[in-house]
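**Student:** For reference, this is protein13.pdb, and it has PDB, C-alpha atoms, pLDDT in the B column.
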ATOM      1  CA  MET A   1       0.000   0.000   0.000  1.00 47.00           C
ATOM      2  CA  TRP A   2       2.733   2.465   0.942  1.00 43.00           C
ATOM      3  CA  ARG A   3       4.769   1.589  -2.172  1.00 48.00           C
ATOM      4  CA  ALA A   4       1.710   2.164  -4.393  1.00 45.00           C
ATOM      5  CA  PHE A   5       1.044   5.552  -2.799  1.00 42.00           C
ATOM      6  CA  THR A   6       4.703   6.522  -3.265  1.00 47.00           C
ATOM      7  CA  ARG A   7       4.550   5.600  -6.959  1.00 50.00           C
ATOM      8  CA  ILE A   8       1.439   7.743  -7.452  1.00 43.00           C
ATOM      9  CA  SER A   9       3.020  10.718  -5.641  1.00 47.00           C
ATOM     10  CA  LYS A  10       6.162  10.554  -7.759  1.00 49.00           C
ATOM     11  CA  THR A  11       4.155  10.280 -10.959  1.00 46.00           C
ATOM     12  CA  LEU A  12       2.034  13.299 -10.032  1.00 42.00           C
ATOM     13  CA  GLU A  13       5.163  15.265  -9.144  1.00 47.00           C
ATOM     14  CA  SER A  14       6.652  14.453 -12.552  1.00 49.00           C
ATOM     15  CA  LEU A  15       3.470  15.589 -14.257  1.00 44.00           C
ATOM     16  CA  GLY A  16       3.656  18.893 -12.404  1.00 47.00           C
ATOM     17  CA  GLN A  17       7.083  19.358 -14.013  1.00 50.00           C
ATOM     18  CA  GLY A  18       5.588  18.648 -17.447  1.00 49.00           C
ATOM     19  CA  GLY A  19       7.602  15.524 -18.147  1.00 47.00           C
ATOM     20  CA  ALA A  20       5.575  12.361 -17.398  1.00 48.00           C
ATOM     21  CA  VAL A  21       2.499  10.432 -18.547  1.00 51.00           C
ATOM     22  CA  LEU A  22       0.165   9.000 -15.925  1.00 48.00           C
ATOM     23  CA  PRO A  23      -0.651   5.286 -15.854  1.00 53.00           C
ATOM     24  CA  GLN A  24      -3.722   4.335 -17.909  1.00 57.00           C
ATOM     25  CA  GLN A  25      -6.042   3.981 -14.905  1.00 55.00           C
ATOM     26  CA  PHE A  26      -5.457   7.640 -13.887  1.00 50.00           C
ATOM     27  CA  GLN A  27      -5.563   9.363 -17.298  1.00 54.00           C
ATOM     28  CA  HIS A  28      -9.296   9.978 -17.252  1.00 56.00           C
ATOM     29  CA  SER A  29      -9.657  10.741 -13.561  1.00 60.00           C
ATOM     30  CA  GLN A  30     -10.789  14.118 -12.210  1.00 63.00           C
ATOM     31  CA  LEU A  31      -7.410  14.471 -10.486  1.00 57.00           C
ATOM     32  CA  TYR A  32      -5.630  14.077 -13.833  1.00 49.00           C
ATOM     33  CA  ASN A  33      -7.887  16.620 -15.503  1.00 60.00           C
ATOM     34  CA  ASN A  34      -7.351  19.170 -12.740  1.00 61.00           C
ATOM     35  CA  ILE A  35      -3.562  18.815 -12.853  1.00 57.00           C
ATOM     36  CA  HIS A  36      -3.552  19.001 -16.653  1.00 53.00           C
ATOM     37  CA  LYS A  37      -5.605  22.216 -16.620  1.00 57.00           C
ATOM     38  CA  THR A  38      -3.447  23.754 -13.883  1.00 64.00           C
ATOM     39  CA  ASN A  39      -0.270  23.012 -15.842  1.00 61.00           C
ATOM     40  CA  TYR A  40      -1.745  24.433 -19.045  1.00 55.00           C
ATOM     41  CA  LEU A  41      -2.898  27.645 -17.376  1.00 62.00           C
ATOM     42  CA  ARG A  42       0.470  28.138 -15.649  1.00 69.00           C
ATOM     43  CA  LEU A  43       2.434  27.741 -18.878  1.00 60.00           C
ATOM     44  CA  HIS A  44      -0.063  29.899 -20.800  1.00 56.00           C
ATOM     45  CA  ASN A  45       0.183  32.722 -18.242  1.00 62.00           C
ATOM     46  CA  GLN A  46       3.973  32.528 -18.252  1.00 65.00           C
ATOM     47  CA  ALA A  47       3.992  32.856 -22.053  1.00 54.00           C
ATOM     48  CA  LEU A  48       1.639  35.860 -21.915  1.00 57.00           C
ATOM     49  CA  LEU A  49       3.766  37.559 -19.246  1.00 53.00           C
ATOM     50  CA  THR A  50       6.957  36.992 -21.240  1.00 47.00           C
ATOM     51  CA  SER A  51       5.340  38.397 -24.385  1.00 46.00           C
ATOM     52  CA  LEU A  52       3.977  41.458 -22.556  1.00 43.00           C
ATOM     53  CA  THR A  53       7.308  42.151 -20.848  1.00 43.00           C
ATOM     54  CA  HIS A  54       9.109  41.954 -24.188  1.00 42.00           C
ATOM     55  CA  ARG A  55       6.627  44.328 -25.816  1.00 45.00           C
ATOM     56  CA  MET A  56       6.920  46.850 -22.970  1.00 43.00           C
ATOM     57  CA  SER A  57      10.706  46.779 -23.170  1.00 51.00           C
ATOM     58  CA  THR A  58      10.752  47.353 -26.946  1.00 70.00           C
ATOM     59  CA  VAL A  59       8.023  50.017 -27.309  1.00 88.00           C
ATOM     60  CA  LYS A  60       9.716  53.406 -27.609  1.00 95.00           C
ATOM     61  CA  PRO A  61       8.340  56.524 -25.889  1.00 97.00           C
ATOM     62  CA  LYS A  62       6.474  58.845 -28.273  1.00 98.00           C
ATOM     63  CA  VAL A  63       7.987  62.337 -28.436  1.00 98.00           C
ATOM     64  CA  VAL A  64       6.705  65.640 -29.832  1.00 98.00           C
ATOM     65  CA  PHE A  65       9.146  68.556 -30.021  1.00 98.00           C
ATOM     66  CA  VAL A  66       7.491  71.914 -29.256  1.00 97.00           C
ATOM     67  CA  LEU A  67       9.207  74.926 -30.819  1.00 97.00           C
ATOM     68  CA  GLY A  68       8.427  78.604 -31.317  1.00 95.00           C
ATOM     69  CA  GLY A  69       9.745  82.034 -30.475  1.00 93.00           C
ATOM     70  CA  PRO A  70       9.603  83.677 -27.053  1.00 90.00           C
ATOM     71  CA  GLY A  71       6.005  84.600 -26.288  1.00 91.00           C
ATOM     72  CA  ALA A  72       4.530  82.227 -28.884  1.00 94.00           C
ATOM     73  CA  GLY A  73       2.517  80.478 -26.184  1.00 94.00           C
ATOM     74  CA  LYS A  74       4.355  77.152 -25.984  1.00 94.00           C
ATOM     75  CA  GLY A  75       3.876  76.734 -22.232  1.00 92.00           C
ATOM     76  CA  THR A  76       0.165  77.584 -22.321  1.00 94.00           C
ATOM     77  CA  GLN A  77      -0.516  75.156 -25.149  1.00 97.00           C
ATOM     78  CA  CYS A  78       1.580  72.401 -23.572  1.00 97.00           C
ATOM     79  CA  SER A  79      -0.607  72.601 -20.447  1.00 97.00           C
ATOM     80  CA  LYS A  80      -3.711  72.147 -22.595  1.00 98.00           C
ATOM     81  CA  ILE A  81      -2.171  69.223 -24.488  1.00 98.00           C
ATOM     82  CA  VAL A  82      -1.245  67.522 -21.212  1.00 98.00           C
ATOM     83  CA  GLU A  83      -4.810  67.814 -19.965  1.00 97.00           C
ATOM     84  CA  ARG A  84      -6.470  66.720 -23.220  1.00 98.00           C
ATOM     85  CA  PHE A  85      -4.107  64.012 -24.495  1.00 98.00           C
ATOM     86  CA  GLN A  86      -2.310  62.818 -21.326  1.00 96.00           C
ATOM     87  CA  PHE A  87       1.177  63.796 -22.449  1.00 98.00           C
ATOM     88  CA  THR A  88       3.995  64.501 -19.999  1.00 98.00           C
ATOM     89  CA  HIS A  89       5.474  67.989 -20.425  1.00 98.00           C
ATOM     90  CA  LEU A  90       9.262  68.238 -20.216  1.00 97.00           C
ATOM     91  CA  SER A  91      10.973  71.615 -20.453  1.00 92.00           C
ATOM     92  CA  ALA A  92      14.711  71.389 -21.115  1.00 88.00           C
ATOM     93  CA  GLY A  93      15.293  74.740 -19.389  1.00 83.00           C
ATOM     94  CA  ASP A  94      13.279  73.733 -16.312  1.00 88.00           C
ATOM     95  CA  LEU A  95      15.159  70.430 -16.043  1.00 93.00           C
ATOM     96  CA  LEU A  96      18.496  72.249 -16.112  1.00 90.00           C
ATOM     97  CA  ARG A  97      17.390  74.734 -13.439  1.00 86.00           C
ATOM     98  CA  GLU A  98      15.996  71.974 -11.237  1.00 91.00           C
ATOM     99  CA  GLU A  99      19.163  69.910 -11.592  1.00 93.00           C
ATOM    100  CA  ARG A 100      21.333  72.911 -10.743  1.00 90.00           C
ATOM    101  CA  ALA A 101      19.353  73.419  -7.523  1.00 90.00           C
ATOM    102  CA  ARG A 102      19.165  69.730  -6.551  1.00 92.00           C
ATOM    103  CA  GLU A 103      21.379  68.853  -3.584  1.00 91.00           C
ATOM    104  CA  GLY A 104      23.980  66.227  -4.432  1.00 90.00           C
ATOM    105  CA  SER A 105      23.530  66.590  -8.185  1.00 91.00           C
ATOM    106  CA  GLU A 106      26.350  65.178 -10.304  1.00 88.00           C
ATOM    107  CA  TYR A 107      25.709  67.930 -12.880  1.00 90.00           C
ATOM    108  CA  GLY A 108      24.753  70.826 -10.586  1.00 91.00           C
ATOM    109  CA  GLN A 109      28.140  72.513 -10.331  1.00 92.00           C
ATOM    110  CA  LEU A 110      28.862  72.058 -14.030  1.00 92.00           C
ATOM    111  CA  ILE A 111      25.523  73.633 -14.975  1.00 89.00           C
ATOM    112  CA  GLU A 112      26.145  76.498 -12.546  1.00 86.00           C
ATOM    113  CA  ASP A 113      29.611  77.164 -14.010  1.00 87.00           C
ATOM    114  CA  TYR A 114      28.356  77.220 -17.596  1.00 82.00           C
ATOM    115  CA  ILE A 115      25.395  79.461 -16.846  1.00 72.00           C
ATOM    116  CA  ARG A 116      27.474  81.832 -14.720  1.00 74.00           C
ATOM    117  CA  ASN A 117      30.003  82.192 -17.544  1.00 75.00           C
ATOM    118  CA  GLY A 118      27.296  82.744 -20.164  1.00 62.00           C
ATOM    119  CA  LYS A 119      27.987  79.456 -21.960  1.00 76.00           C
ATOM    120  CA  ILE A 120      25.577  76.854 -23.305  1.00 75.00           C
ATOM    121  CA  VAL A 121      25.376  73.762 -21.122  1.00 85.00           C
ATOM    122  CA  PRO A 122      26.808  70.718 -22.951  1.00 90.00           C
ATOM    123  CA  VAL A 123      24.036  68.963 -24.878  1.00 93.00           C
ATOM    124  CA  GLU A 124      25.077  65.625 -23.379  1.00 93.00           C
ATOM    125  CA  VAL A 125      23.959  66.914 -19.974  1.00 93.00           C
ATOM    126  CA  THR A 126      20.617  68.168 -21.313  1.00 93.00           C
ATOM    127  CA  CYS A 127      19.964  64.886 -23.139  1.00 95.00           C
ATOM    128  CA  SER A 128      20.863  62.880 -20.025  1.00 94.00           C
ATOM    129  CA  LEU A 129      18.372  64.897 -17.971  1.00 94.00           C
ATOM    130  CA  LEU A 130      15.683  64.385 -20.613  1.00 96.00           C
ATOM    131  CA  GLU A 131      16.430  60.659 -20.789  1.00 96.00           C
ATOM    132  CA  ASN A 132      16.264  60.277 -17.009  1.00 94.00           C
ATOM    133  CA  ALA A 133      12.997  62.217 -16.857  1.00 96.00           C
ATOM    134  CA  ILE A 134      11.483  59.993 -19.527  1.00 97.00           C
ATOM    135  CA  LYS A 135      12.607  56.772 -17.838  1.00 95.00           C
ATOM    136  CA  ASN A 136      11.586  57.828 -14.341  1.00 95.00           C
ATOM    137  CA  SER A 137       8.133  59.041 -15.371  1.00 95.00           C
ATOM    138  CA  GLY A 138       6.762  55.633 -16.274  1.00 93.00           C
ATOM    139  CA  LYS A 139       4.804  57.364 -19.064  1.00 96.00           C
ATOM    140  CA  SER A 140       4.870  56.876 -22.829  1.00 96.00           C
ATOM    141  CA  ARG A 141       3.933  60.277 -24.360  1.00 98.00           C
ATOM    142  CA  PHE A 142       6.161  63.327 -24.039  1.00 98.00           C
ATOM    143  CA  LEU A 143       6.164  66.972 -25.078  1.00 98.00           C
ATOM    144  CA  ILE A 144       9.724  68.292 -25.136  1.00 97.00           C
ATOM    145  CA  ASP A 145       9.385  72.057 -24.922  1.00 94.00           C
ATOM    146  CA  GLY A 146      12.085  74.394 -26.236  1.00 90.00           C
ATOM    147  CA  PHE A 147      14.377  71.664 -27.556  1.00 93.00           C
ATOM    148  CA  PRO A 148      16.290  71.270 -29.821  1.00 94.00           C
ATOM    149  CA  ARG A 149      17.115  74.962 -29.951  1.00 89.00           C
ATOM    150  CA  ASN A 150      20.183  74.810 -32.186  1.00 92.00           C
ATOM    151  CA  GLN A 151      22.293  72.502 -34.340  1.00 94.00           C
ATOM    152  CA  ASP A 152      24.341  71.295 -31.369  1.00 94.00           C
ATOM    153  CA  ASN A 153      21.124  70.306 -29.563  1.00 94.00           C
ATOM    154  CA  LEU A 154      19.926  68.412 -32.620  1.00 96.00           C
ATOM    155  CA  ASP A 155      23.240  66.622 -33.148  1.00 96.00           C
ATOM    156  CA  GLY A 156      23.369  65.619 -29.481  1.00 96.00           C
ATOM    157  CA  TRP A 157      19.798  64.302 -29.563  1.00 97.00           C
ATOM    158  CA  ASN A 158      20.529  62.271 -32.694  1.00 96.00           C
ATOM    159  CA  ARG A 159      23.623  60.756 -31.083  1.00 96.00           C
ATOM    160  CA  GLN A 160      22.119  60.001 -27.705  1.00 95.00           C
ATOM    161  CA  MET A 161      18.334  59.735 -27.941  1.00 96.00           C
ATOM    162  CA  SER A 162      16.980  59.293 -31.481  1.00 95.00           C
ATOM    163  CA  ASP A 163      17.273  55.487 -31.359  1.00 95.00           C
ATOM    164  CA  LYS A 164      15.573  55.349 -27.944  1.00 96.00           C
ATOM    165  CA  THR A 165      12.474  57.395 -28.788  1.00 97.00           C
ATOM    166  CA  ASP A 166       9.821  57.631 -31.493  1.00 97.00           C
ATOM    167  CA  LEU A 167       9.591  61.216 -32.773  1.00 98.00           C
ATOM    168  CA  GLN A 168       5.992  61.841 -33.869  1.00 98.00           C
ATOM    169  CA  PHE A 169       6.328  65.371 -35.240  1.00 98.00           C
ATOM    170  CA  VAL A 170       7.519  68.895 -34.456  1.00 98.00           C
ATOM    171  CA  LEU A 171       4.807  71.272 -33.236  1.00 98.00           C
ATOM    172  CA  PHE A 172       5.800  74.755 -34.390  1.00 98.00           C
ATOM    173  CA  PHE A 173       3.980  77.786 -32.968  1.00 97.00           C
ATOM    174  CA  ASP A 174       4.401  80.473 -35.596  1.00 97.00           C
ATOM    175  CA  CYS A 175       3.750  83.966 -34.273  1.00 95.00           C
ATOM    176  CA  ALA A 176       4.610  87.453 -35.503  1.00 93.00           C
ATOM    177  CA  GLU A 177       7.525  89.037 -33.670  1.00 92.00           C
ATOM    178  CA  ASP A 178       5.589  92.123 -32.564  1.00 92.00           C
ATOM    179  CA  VAL A 179       2.837  89.958 -31.049  1.00 93.00           C
ATOM    180  CA  CYS A 180       5.421  87.880 -29.180  1.00 92.00           C
ATOM    181  CA  VAL A 181       7.123  90.998 -27.813  1.00 92.00           C
ATOM    182  CA  LEU A 182       3.835  92.473 -26.572  1.00 92.00           C
ATOM    183  CA  ARG A 183       2.925  89.200 -24.874  1.00 91.00           C
ATOM    184  CA  CYS A 184       6.267  88.914 -23.098  1.00 91.00           C
ATOM    185  CA  LEU A 185       6.233  92.554 -21.940  1.00 91.00           C
ATOM    186  CA  SER A 186       2.651  92.197 -20.675  1.00 89.00           C
ATOM    187  CA  ARG A 187       3.631  88.994 -18.920  1.00 85.00           C
ATOM    188  CA  GLY A 188       6.559  90.736 -17.235  1.00 82.00           C
ATOM    189  CA  GLN A 189       4.456  93.704 -16.148  1.00 85.00           C
ATOM    190  CA  SER A 190       1.848  91.394 -14.612  1.00 80.00           C
ATOM    191  CA  GLY A 191       4.484  89.732 -12.436  1.00 73.00           C
ATOM    192  CA  SER A 192       5.550  86.619 -14.354  1.00 67.00           C
ATOM    193  CA  GLY A 193       8.670  86.387 -12.221  1.00 64.00           C
ATOM    194  CA  ARG A 194      10.813  85.858 -15.326  1.00 67.00           C
ATOM    195  CA  THR A 195      13.858  88.103 -15.396  1.00 69.00           C
ATOM    196  CA  ASP A 196      14.056  87.896 -19.195  1.00 68.00           C
ATOM    197  CA  ASP A 197      10.592  89.389 -19.849  1.00 76.00           C
ATOM    198  CA  ASN A 198      12.040  92.820 -20.647  1.00 82.00           C
ATOM    199  CA  MET A 199      12.914  94.566 -23.899  1.00 85.00           C
ATOM    200  CA  ASP A 200      16.700  94.215 -23.658  1.00 84.00           C
ATOM    201  CA  SER A 201      16.536  90.484 -22.968  1.00 81.00           C
ATOM    202  CA  LEU A 202      13.837  89.976 -25.573  1.00 85.00           C
ATOM    203  CA  LYS A 203      15.981  91.463 -28.326  1.00 87.00           C
ATOM    204  CA  LYS A 204      18.744  88.952 -27.525  1.00 85.00           C
ATOM    205  CA  ARG A 205      16.300  86.035 -27.238  1.00 86.00           C
ATOM    206  CA  ILE A 206      14.651  86.858 -30.559  1.00 89.00           C
ATOM    207  CA  GLN A 207      18.026  87.210 -32.266  1.00 89.00           C
ATOM    208  CA  THR A 208      19.129  83.836 -30.881  1.00 86.00           C
ATOM    209  CA  TYR A 209      15.848  82.275 -31.991  1.00 91.00           C
ATOM    210  CA  ASN A 210      16.159  83.673 -35.522  1.00 92.00           C
ATOM    211  CA  ASN A 211      19.822  82.658 -35.886  1.00 93.00           C
ATOM    212  CA  ASP A 212      19.803  79.274 -34.172  1.00 92.00           C
ATOM    213  CA  SER A 213      16.282  77.852 -33.816  1.00 93.00           C
ATOM    214  CA  LEU A 214      14.656  78.754 -37.123  1.00 96.00           C
ATOM    215  CA  PRO A 215      17.234  76.733 -39.119  1.00 96.00           C
ATOM    216  CA  ILE A 216      16.325  73.680 -37.011  1.00 96.00           C
ATOM    217  CA  ILE A 217      12.642  74.189 -37.814  1.00 97.00           C
ATOM    218  CA  LYS A 218      13.555  74.490 -41.506  1.00 97.00           C
ATOM    219  CA  TYR A 219      15.484  71.217 -41.227  1.00 96.00           C
ATOM    220  CA  PHE A 220      12.460  69.370 -39.819  1.00 98.00           C
ATOM    221  CA  GLU A 221      10.218  71.029 -42.429  1.00 97.00           C
ATOM    222  CA  SER A 222      12.368  69.603 -45.211  1.00 97.00           C
ATOM    223  CA  ALA A 223      11.828  66.165 -43.655  1.00 96.00           C
ATOM    224  CA  GLY A 224       8.049  66.685 -43.592  1.00 97.00           C
ATOM    225  CA  GLN A 225       7.908  66.514 -39.791  1.00 98.00           C
ATOM    226  CA  VAL A 226       6.619  70.000 -38.894  1.00 98.00           C
ATOM    227  CA  LYS A 227       3.014  70.805 -37.944  1.00 98.00           C
ATOM    228  CA  THR A 228       2.714  74.599 -38.080  1.00 98.00           C
ATOM    229  CA  ILE A 229       0.186  76.365 -35.865  1.00 98.00           C
ATOM    230  CA  ASP A 230      -0.768  80.045 -36.255  1.00 97.00           C
ATOM    231  CA  ALA A 231      -0.153  81.160 -32.672  1.00 97.00           C
ATOM    232  CA  SER A 232      -1.222  84.786 -33.074  1.00 95.00           C
ATOM    233  CA  ALA A 233      -4.853  84.151 -32.025  1.00 95.00           C
ATOM    234  CA  ASP A 234      -6.102  83.732 -28.452  1.00 94.00           C
ATOM    235  CA  ALA A 235      -5.131  80.575 -26.577  1.00 96.00           C
ATOM    236  CA  ASP A 236      -8.453  78.734 -26.976  1.00 97.00           C
ATOM    237  CA  LYS A 237      -8.570  79.328 -30.720  1.00 97.00           C
ATOM    238  CA  VAL A 238      -4.965  78.202 -31.075  1.00 98.00           C
ATOM    239  CA  PHE A 239      -5.708  75.026 -29.148  1.00 98.00           C
ATOM    240  CA  GLN A 240      -8.530  74.118 -31.536  1.00 98.00           C
ATOM    241  CA  ASP A 241      -5.898  73.897 -34.277  1.00 98.00           C
ATOM    242  CA  VAL A 242      -3.516  72.008 -31.970  1.00 98.00           C
ATOM    243  CA  GLU A 243      -6.230  69.510 -31.077  1.00 98.00           C
ATOM    244  CA  ARG A 244      -6.953  68.796 -34.737  1.00 98.00           C
ATOM    245  CA  VAL A 245      -3.254  68.057 -35.343  1.00 98.00           C
ATOM    246  CA  PHE A 246      -3.038  65.549 -32.502  1.00 98.00           C
ATOM    247  CA  VAL A 247      -6.286  63.794 -33.421  1.00 98.00           C
ATOM    248  CA  ALA A 248      -5.185  63.564 -37.066  1.00 98.00           C
ATOM    249  CA  ASN A 249      -1.980  61.869 -35.868  1.00 97.00           C
ATOM    250  CA  GLY A 250      -3.809  59.169 -33.948  1.00 97.00           C
ATOM    251  CA  PHE A 251      -4.029  60.643 -30.443  1.00 97.00           C
ATOM    252  CA  GLN A 252      -7.412  60.539 -28.741  1.00 89.00           C
TER     253      GLN A 252
END
Would you give me this structure, written as structure tokens?

**Tutor:**
Amino acid sequence: MWRAFTRISKTLESLGQGGAVLPQQFQHSQLYNNIHKTNYLRLHNQALLTSLTHRMSTVKPKVVFVLGGPGAGKGTQCSKIVERFQFTHLSAGDLLREERAREGSEYGQLIEDYIRNGKIVPVEVTCSLLENAIKNSGKSRFLIDGFPRNQDNLDGWNRQMSDKTDLQFVLFFDCAEDVCVLRCLSRGQSGSGRTDDNMDSLKKRIQTYNNDSLPIIKYFESAGQVKTIDASADADKVFQDVERVFVANGFQ
């Protein structure tokens, strides 16, 4: 009796490992059917989990670059896009300022030195901050605001990030210079807290935008990747056009 019970236990154990066939008298028993179903479900679930994990690891984050001159309304429209289409808004400038202020930052002192000396922070640092923000967010849709601003930014992104992300398009807010200037000055007078919302700073920012950023927009235009929005209207009207662009590109 004991030897028979031992044989049955060992046979059932082997079946649980997927490698044995039960004796004839047990193959049609309820016990056999239950074990067979349990084994099938376990292997099926493992296969599904492996497939899902592989898909999650290979799906690239979707990225939209947001470009436009100072006062074009990029920040306002990004907030609306976040609310409507569940994107995550990343500002390259904000990330640099936050990293500079973060205690124990490996880049903080370097960023401080470059900014203090009026130099552009190395693009490798900016791209690393963007990459970390994307990874740490756990999200899959990103607006990258104010980047790439110049050829060095674009080259750095192509070296470091283009293979890791899926660029959807470039959202370009096109706005007349005089409208942008009036918006920035009004923003400064109403207490925006931005030290560069004054005429002297605006002249430099607009010159930098015209010399460095517009050629990047032209580059993306030649590749058919730019969606141009007339940003001279009020914010709600502008967003109607923005919404149509995102819906037309498959975002709901």

**Student:** Apply the PyMOL selection byres ((chain A and resi 182) around 12) to the file shown and report the selected residues as a VMD selection string.

**Tutor:** chain A and resid 70 to 72 175 to 181 183 to 189 197 to 199 202 232

**Student:** Pick the closest to A:Val247 from A:Ile81, A:Lys62, A:Tyr114, A:Tyr107: which is it, counting only C-alpha atoms?

**Tutor:**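 Distance minimum relative to A:Val247 lands on A:Ile81.
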
**Student:** Determine the nearest neighbour of A:Asp241 from the options A:Leu171, A:Leu96, A:Ile229, A:Ile216, counting only C-alpha atoms.

**Tutor:** A:Ile229

**Student:** Could you spell out the hits of the PyMOL selection byres ((chain A and resi 251) around 12) on the shown file, as a list in words?

**Tutor:**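 This file gives the following for the PyMOL selection byres ((chain A and resi 251) around 12): Lys62, Val64, Ile81, Val82, Arg84, Phe85, Gln86, Phe87, Arg141, Gln168, Val242, Glu243, Arg244, Val245, Phe246, Val247, Ala248, Asn249, Gly250 and Gln252 of chain A.
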
**Student:** I want to know what sits within 8 Å of stretch 156-165 of chain A, based on only C-alpha atoms, with residues of the same chain fewer than 4 positions away left out; could you give that as a compact mmCIF listing (two decimals) with C-alpha atoms, keeping the file's coordinate frame?

**Tutor:**
# COMPACT_ATOMS: atom_id res chain seq x y z
CA LYS A 60 9.72 53.41 -27.61
CA PRO A 61 8.34 56.52 -25.89
CA LYS A 62 6.47 58.84 -28.27
CA VAL A 63 7.99 62.34 -28.44
CA VAL A 123 24.04 68.96 -24.88
CA GLU A 124 25.08 65.62 -23.38
CA CYS A 127 19.96 64.89 -23.14
CA GLU A 131 16.43 60.66 -20.79
CA PRO A 148 16.29 71.27 -29.82
CA ASP A 152 24.34 71.30 -31.37

**Student:** Counting all atoms listed in the file, which residue out of A:Val125, A:Leu90, A:Ile115, A:Val170 sits closest to A:Gln225?

**Tutor:**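 Selected residue with least distance to A:Gln225: A:Val170.
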
**Student:** At what distance in Å, to one decimal, does atom CA of A:Phe172 lie from atom CA of A:Gly75?

**Tutor:**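 Interatomic distance, atom CA of A:Gly75 to atom CA of A:Phe172: 12.5 Å.
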
**Student:** I'd like the interatomic distance between atom CA of A:Ser105 and atom CA of A:Ala92, to a tenth of an Å.

**Tutor:**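 So the two atoms, atom CA of A:Ser105 and atom CA of A:Ala92, lie 16.4 Å apart.
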
**Student:** Tell me which protein, DNA and RNA residues are within 12 Å of A:Glu98, counting all atoms listed in the file, leaving out same-chain ones fewer than 2 positions away, and put them as a ChimeraX atom specification.

**Tutor:** /A:90-96,100-105,107-108,111-112,126,129,133

**Student:** How far is it from atom CA of A:His89 to atom CA of A:Phe142, in Å with one decimal?

**Tutor:** 5.9 Å

**Student:** For A:Ser128, which residue out of A:Glu99, A:Gly73, A:Phe65, A:Asp113 is the nearest one, using all atoms listed in the file?

**Tutor:**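 Looking only at the distances to A:Ser128, the closest residue turns out to be A:Glu99.
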
**Student:** Between A:Leu167, A:Lys80, A:Leu130, A:Phe173, which residue has the minimum interatomic distance to A:Asp230, considering only C-alpha atoms?

**Tutor:**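 Using only C-alpha atoms, A:Asp230 sits closest to A:Phe173.
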
**Student:** Expanded to explicit residues, what is the PyMOL selection byres ((chain A and resi 145) around 6) for this file, as a list of chain:residue names?

**Tutor:** A:Val66, A:Ser91, A:Ile144, A:Gly146, A:Phe147

**Student:** Could you tell me which of A:Ser140, A:Ile134, A:Ile120, A:Arg97 comes closest to A:Val59 if we count only C-alpha atoms?

**Tutor:**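 Closest candidate: A:Ser140.
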